[in-house]
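**Student:** Sharing a structure, written as C-alpha cells. Questions coming.
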Amino acid sequence: MPHLSIIAQTIFVRNYSIGALNENMVATGILMLFFFGIIMLILGKPYFVGVFAATKGASGLAPNASFLFYIMTTSLGFAVNLTILQLGVRTFVGELTESFTGISDRLLPGSVPGIDVAATFAFGEPNAVTIGFLFGALGQFLAIGALLIFHSPTIIIAGFIPLFFDNAAFGVFANRRAGAKAAMILPFFSGLIQVFGAALISTWIGLSKFGGYLGMFDWDTVWPFFTVLMKILGIAGIVVVVLILVLIPQLEYRHDPKNYFLMVTDYEQYKENMAKKKATK
C-alpha cells in the first residue's frame with residue numbers, strides 16, 4: 001500500500017507534477033481551505049458577524065469585512081499553526097530529553113521522560129496528520145448526523161482535541177504501518193466510535209445531564225466497559241478495574257522481557273532486535 005508521501009509525489013496535472021503537495025504546509029492549507037470553507041459557507045456570514053458582536057471583536061467577522069478573505073485566513077492560519085506545532089514539538093522533545101538526562105542519571109536511574117502523543121506528529125509523514133484529522137472529522141460529522149436523524153436523546157459536538165490527539169495520531173501510525181488507505185480508514189472509524197461511544201455511555205450513566213463526556217477514543221471504547229463493571233459491581237468493580245490496569249503492563253513485560261525497557265532506553269538497538277526477530281519467523 002503506498003504511503004501518503006508517495007501519493008503526493010505522483011499527482012499530475014497536465015503532465016506536470018504538483019511538487020508543492022510534498023510541502024506539508026501547502027497541502028494542509030489546500031485541504032483546510034476546502035474543509036473549513038464548506039463548513040463556514042454553510043454557517044454563513046451572519047453567524048460569524050454575530051460571533052464578532054458577542055465577543056466584542058475578540059473573534060468572528062467584522063460586519064464590513066470580506067467573508068471570502070476571512071475563510072481564507074482562517075483556513076490557511078490553521079496550516080501555519082499546525083506547522084508551528086510540529087516544529088515546536090520536535091524542539092521540545094529534543095530539549096526535554098537533554099534536560100532529563102540529569103534526572104535519569106542521578107535521581108531516577110533508568111527513567112525516561114513521558115511525552116504526549118502529539119510528539120509523534122513531527123516524526124511521521126507530515127500529511128498523515130492532516131489526513132487523520134480530516135477523515136476523523138468526516139466520521140464524527142456522519143455520526144452526529146445519524147444521531148440527529150434517529151432522534152438520539154444525547155447529541156455529541158465534534159471534539160477538536162479527539163480529532164488531533166486521537167485521529168491525527170492514528171493517521172501517523174496507520175500510514176507508517178499500512179499506507180495511505182489505512183491512514184484514511186482507521187481515523188474515519190475512530191470518528192464514528194468517538195461520537196457513538198460517547199453518546200451511548202453518557203446517556204446510560206446520566207452524564208449528558210451535566211454537560212457531556214470526554215470524547216477520546218479510549219474513553220469511548222475501554223472505559224465504557226470499565227464503567228459498566230463499576231456501576232454493576234460497585235466497590236468490587238473498582239477493584240477489578242484496578243487489577244486489570246495493573247495486569248496489562250505485566251503481561252506486556254512477560255511477552256517480551258528483553259525488549260520491554262529497551263524500547264525507551266536504546267531505541268536503535270530495539271529496532272535492530274525486532275528486525276532480527278521478524279527475520280527469524
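Starting from 1 in every chain, residues are counted up; chains themselves are A, B, ... following the order of the C-alpha cells, and ligands are numbered from 1 as listed.
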Would you list the contacts of Arg176 of chain A as a tab-separated table (two decimals) with all heavy atoms, in the first residue's frame, taking every protein, DNA or RNA residue within 9 Å and counting only C-alpha atoms, but skipping same-chain residues closer than 6 positions in sequence?
**Tutor:**
```tsv
chain	number	residue	atom	x	y	z
A	3	HIS	N	2.31	4.99	0.60
A	3	HIS	CA	2.21	5.91	1.72
A	3	HIS	C	1.84	7.29	1.19
A	3	HIS	O	1.91	7.57	0.00
A	3	HIS	CB	3.53	5.96	2.49
A	3	HIS	CG	3.81	4.70	3.24
A	3	HIS	ND1	3.89	4.66	4.61
A	3	HIS	CD2	3.99	3.43	2.82
A	3	HIS	CE1	4.13	3.42	5.01
A	3	HIS	NE2	4.19	2.66	3.94
A	124	GLY	N	6.54	11.56	11.94
A	124	GLY	CA	5.90	10.74	10.92
A	124	GLY	C	5.76	11.52	9.63
A	124	GLY	O	6.31	12.61	9.47
A	125	GLU	N	5.03	10.97	8.68
A	125	GLU	CA	4.73	11.67	7.44
A	125	GLU	C	3.84	12.87	7.77
A	125	GLU	O	2.75	12.71	8.32
A	125	GLU	CB	4.01	10.73	6.47
A	125	GLU	CG	3.50	11.40	5.22
A	125	GLU	CD	4.62	12.04	4.41
A	125	GLU	OE1	5.72	11.46	4.34
A	125	GLU	OE2	4.39	13.14	3.88
A	128	ALA	N	0.14	12.91	6.98
A	128	ALA	CA	-0.68	11.92	7.69
A	128	ALA	C	-1.46	12.58	8.81
A	128	ALA	O	-2.58	12.16	9.13
A	128	ALA	CB	0.20	10.81	8.24
A	183	ALA	N	-4.45	5.07	6.71
A	183	ALA	CA	-4.45	6.39	7.34
A	183	ALA	C	-5.77	7.12	7.12
A	183	ALA	O	-6.06	8.10	7.82
A	183	ALA	CB	-3.30	7.24	6.79
```
**Student:** Please identify all polymer residues within 6 Å of segment 213-226 of chain A, counting only C-alpha atoms, omitting same-chain residues fewer than 3 positions from it, and present them as a VMD selection string.
**Tutor:** chain A and resid 162 194 197 to 198 202 229
**Student:** What would the file look like if the residues just selected were written as a short mmCIF file (atom, residue, chain, number, x, y, z; two decimals), in the first residue's frame with N, CA, C and O atoms?
**Tutor:**
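Ended up saving to selection_6.cif:
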```cif
data_model
loop_
_atom_site.label_atom_id
_atom_site.label_comp_id
_atom_site.auth_asym_id
_atom_site.auth_seq_id
_atom_site.Cartn_x
_atom_site.Cartn_y
_atom_site.Cartn_z
N PRO A 162 -10.08 15.37 20.43
CA PRO A 162 -10.03 13.99 19.91
C PRO A 162 -9.60 13.92 18.45
O PRO A 162 -8.92 12.97 18.05
N GLN A 194 -15.98 7.60 18.36
CA GLN A 194 -15.90 8.68 19.34
C GLN A 194 -17.27 9.29 19.60
O GLN A 194 -17.60 9.63 20.75
N GLY A 197 -19.87 6.14 20.74
CA GLY A 197 -19.50 5.66 22.06
C GLY A 197 -19.79 6.67 23.16
O GLY A 197 -20.32 6.32 24.22
N ALA A 198 -19.46 7.93 22.89
CA ALA A 198 -19.71 8.99 23.88
C ALA A 198 -21.21 9.17 24.11
O ALA A 198 -21.66 9.36 25.25
N SER A 202 -22.61 8.27 27.85
CA SER A 202 -23.05 9.46 28.59
C SER A 202 -24.55 9.43 28.82
O SER A 202 -25.04 9.95 29.84
N LEU A 229 -18.69 -2.24 34.65
CA LEU A 229 -18.23 -3.06 35.77
C LEU A 229 -18.39 -2.33 37.10
O LEU A 229 -18.90 -2.90 38.08
#
```
**Student:** Nearest to Phe189 of chain A: which of A:Gly136, A:Gly145, A:Gly37, A:Gly50 is it, counting only C-alpha atoms?
**Tutor:**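 Smallest separation from Phe189 of chain A among the options: A:Gly136.
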**Student:** Nearest to Lys181 of chain A: which of A:Gly159, A:Ile39, A:Gly94, A:Gly132 is it, counting only C-alpha atoms?
**Tutor:**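 Result for the nearest residue to Lys181 of chain A: A:Gly132.
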**Student:** Just asking: which residues within segment 12-208 of chain A are alpha helix (DSSP H) according to DSSP, as a PyMOL selection string?
**Tutor:** chain A and resi 24-43+45-54+67-99+101-102+126-149+160-162+169-178+180-204
**Student:** Work out how far atom CA of Gly57 of chain A is from atom CA of Ile84 of chain A, in Å to one decimal.
**Tutor:** 25.1 Å
**Student:** Which residue is closest to Gln140 of chain A? Choose from A:Ala180, A:Ala65, A:Ile193, A:Ala27 and count only C-alpha atoms.
**Tutor:**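 So, comparing all the options, the nearest one is A:Ile193.
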**Student:** Of the candidates A:Phe150, A:Tyr270, A:Trp204, A:Phe36, which shows the shortest atom-to-atom distance to Thr73 of chain A, using only C-alpha atoms?
**Tutor:**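 Closest to Thr73 of chain A of all the choices is A:Phe36.
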